[in-house]
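Notes for the one structure printed next.
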Amino acid sequence: MIGADGGGSKASRSRAWKANLLERADEIGIAITVSHYPPGTSQWNRVEHRLFSFISLTWKGQPLWNYQCVIHRMGATRSGLQVKAVLDTTRHKTGVKISDEQIDKQRIRGHQFHPEWNYTILPRAAKL
């Protein structure tokens, strides 16, 4: 089960997001259920508020010159939460287009309540 924001790279209409989820579902061999926050509501995500407010306090007034500085400041956050920050240096392809044919091959089952925001992606090897 994944709870995702309604915008950005994880948007409910993002073809690339769903194509990548299908690859993960195929890799692990189980269905992946996704529930997106409705548009305009992700700012009330409790985890983000608990975590990012303390991160902001930790680096308040400190210049962020490079990635290592950002990671160090995040890791230094003391709030009762455990904060672990790691720099992802993986090079990701940009401008990848997902065709209608690729989308049609995905086995996405919309849920009864707001199927555009709540759905399950089945691995290709699973039976319907």
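So you can find residues: chains in the structure tokens are A, B, ... in the order shown, residues in each start at 1, and ligands are numbered from 1 in order.
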For His114 in chain A: contacts at 12 Å, only C-alpha atoms, fewer than 2 positions along chain excluded, given as an NGL selection string: :A and (12 or 34-38 or 109-112 or 116-119)
Mind writing the picked residues with N, CA and C atoms as a compact mmCIF listing (two decimals), in the first residue's frame?
```txt
# COMPACT_ATOMS: atom_id res chain seq x y z
N SER A 12 -1.57 11.14 -9.82
CA SER A 12 -2.44 10.01 -10.18
C SER A 12 -2.58 9.85 -11.69
N VAL A 34 -2.43 1.73 -4.48
CA VAL A 34 -2.06 3.14 -4.32
C VAL A 34 -3.30 3.95 -3.97
N SER A 35 -3.14 4.84 -3.00
CA SER A 35 -4.18 5.82 -2.66
C SER A 35 -3.51 7.19 -2.69
N HIS A 36 -3.99 8.05 -3.59
CA HIS A 36 -3.44 9.40 -3.69
C HIS A 36 -4.25 10.34 -2.80
N TYR A 37 -3.56 11.30 -2.20
CA TYR A 37 -4.29 12.36 -1.52
C TYR A 37 -5.07 13.12 -2.59
N PRO A 38 -6.29 13.53 -2.28
CA PRO A 38 -7.02 14.33 -3.26
C PRO A 38 -6.27 15.63 -3.56
N ARG A 109 -6.52 -1.79 -11.71
CA ARG A 109 -7.89 -1.99 -11.29
C ARG A 109 -8.29 -0.84 -10.38
N GLY A 110 -9.14 0.04 -10.86
CA GLY A 110 -9.61 1.16 -10.05
C GLY A 110 -10.51 0.67 -8.93
N HIS A 111 -10.42 1.30 -7.79
CA HIS A 111 -11.28 0.95 -6.67
C HIS A 111 -12.65 1.59 -6.84
N GLN A 112 -13.59 1.16 -6.07
CA GLN A 112 -14.95 1.65 -6.20
C GLN A 112 -15.04 3.14 -5.86
N GLU A 116 -9.83 7.06 -9.88
CA GLU A 116 -8.73 7.83 -10.44
C GLU A 116 -7.64 8.11 -9.41
N TRP A 117 -7.98 8.03 -8.12
CA TRP A 117 -7.01 8.25 -7.04
C TRP A 117 -6.66 6.97 -6.29
N ASN A 118 -7.50 5.96 -6.38
CA ASN A 118 -7.31 4.72 -5.62
C ASN A 118 -7.37 3.54 -6.58
N TYR A 119 -6.27 2.81 -6.68
CA TYR A 119 -6.22 1.71 -7.63
C TYR A 119 -5.17 0.69 -7.20
```
Nearby residues (only C-alpha atoms) at most 10 Å from Arg73 in chain A, same-chain spacing under 2 positions excluded, as number ranges by chain: A: 55-60, 62, 64, 67-71, 75-77, 85
Which of A:Ile108, A:Ile98, A:Leu51, A:Ala19 sits closest to Gly80 in chain A [using only C-alpha atoms]: A:Leu51
Polymer residues at most 6 Å from range 29-33 of chain A, only C-alpha atoms, same-chain spacing of 3 or more positions, as an NGL selection string: :A and (1 or 25-26 or 119-123)
Let's have the selection written as a PDB file, in the first residue's frame, with C-alpha atoms.
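Contents of out00.pdb, as written:
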```pdb
ATOM      1  CA  MET A   1       0.000   0.000   0.000  1.00  0.00           C
ATOM      2  CA  ALA A  25       4.922  -5.216  -9.023  1.00  0.00           C
ATOM      3  CA  ASP A  26       6.417  -7.565 -11.631  1.00  0.00           C
ATOM      4  CA  TYR A 119      -6.218   1.709  -7.631  1.00  0.00           C
ATOM      5  CA  THR A 120      -4.292  -1.542  -7.577  1.00  0.00           C
ATOM      6  CA  ILE A 121      -1.610  -2.451 -10.114  1.00  0.00           C
ATOM      7  CA  LEU A 122      -1.326  -6.181 -10.671  1.00  0.00           C
ATOM      8  CA  PRO A 123       1.899  -7.831 -11.795  1.00  0.00           C
TER       9      PRO A 123
END
```
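Proximity to Thr94 in chain A was assessed for A:His72, A:Ala16, A:Gly61, A:Gln82 counting only C-alpha atoms; the smallest distance is recorded for A:Ala16.
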Point-to-point distance from CA of Asp104 in chain A to CA of Arg124 in chain A, Å rounded to tenths: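 It comes out at 12.1 Å.
Across the model, the gap from CA of Arg15 in chain A to CA of Gly3 in chain A is 17.1 Å.
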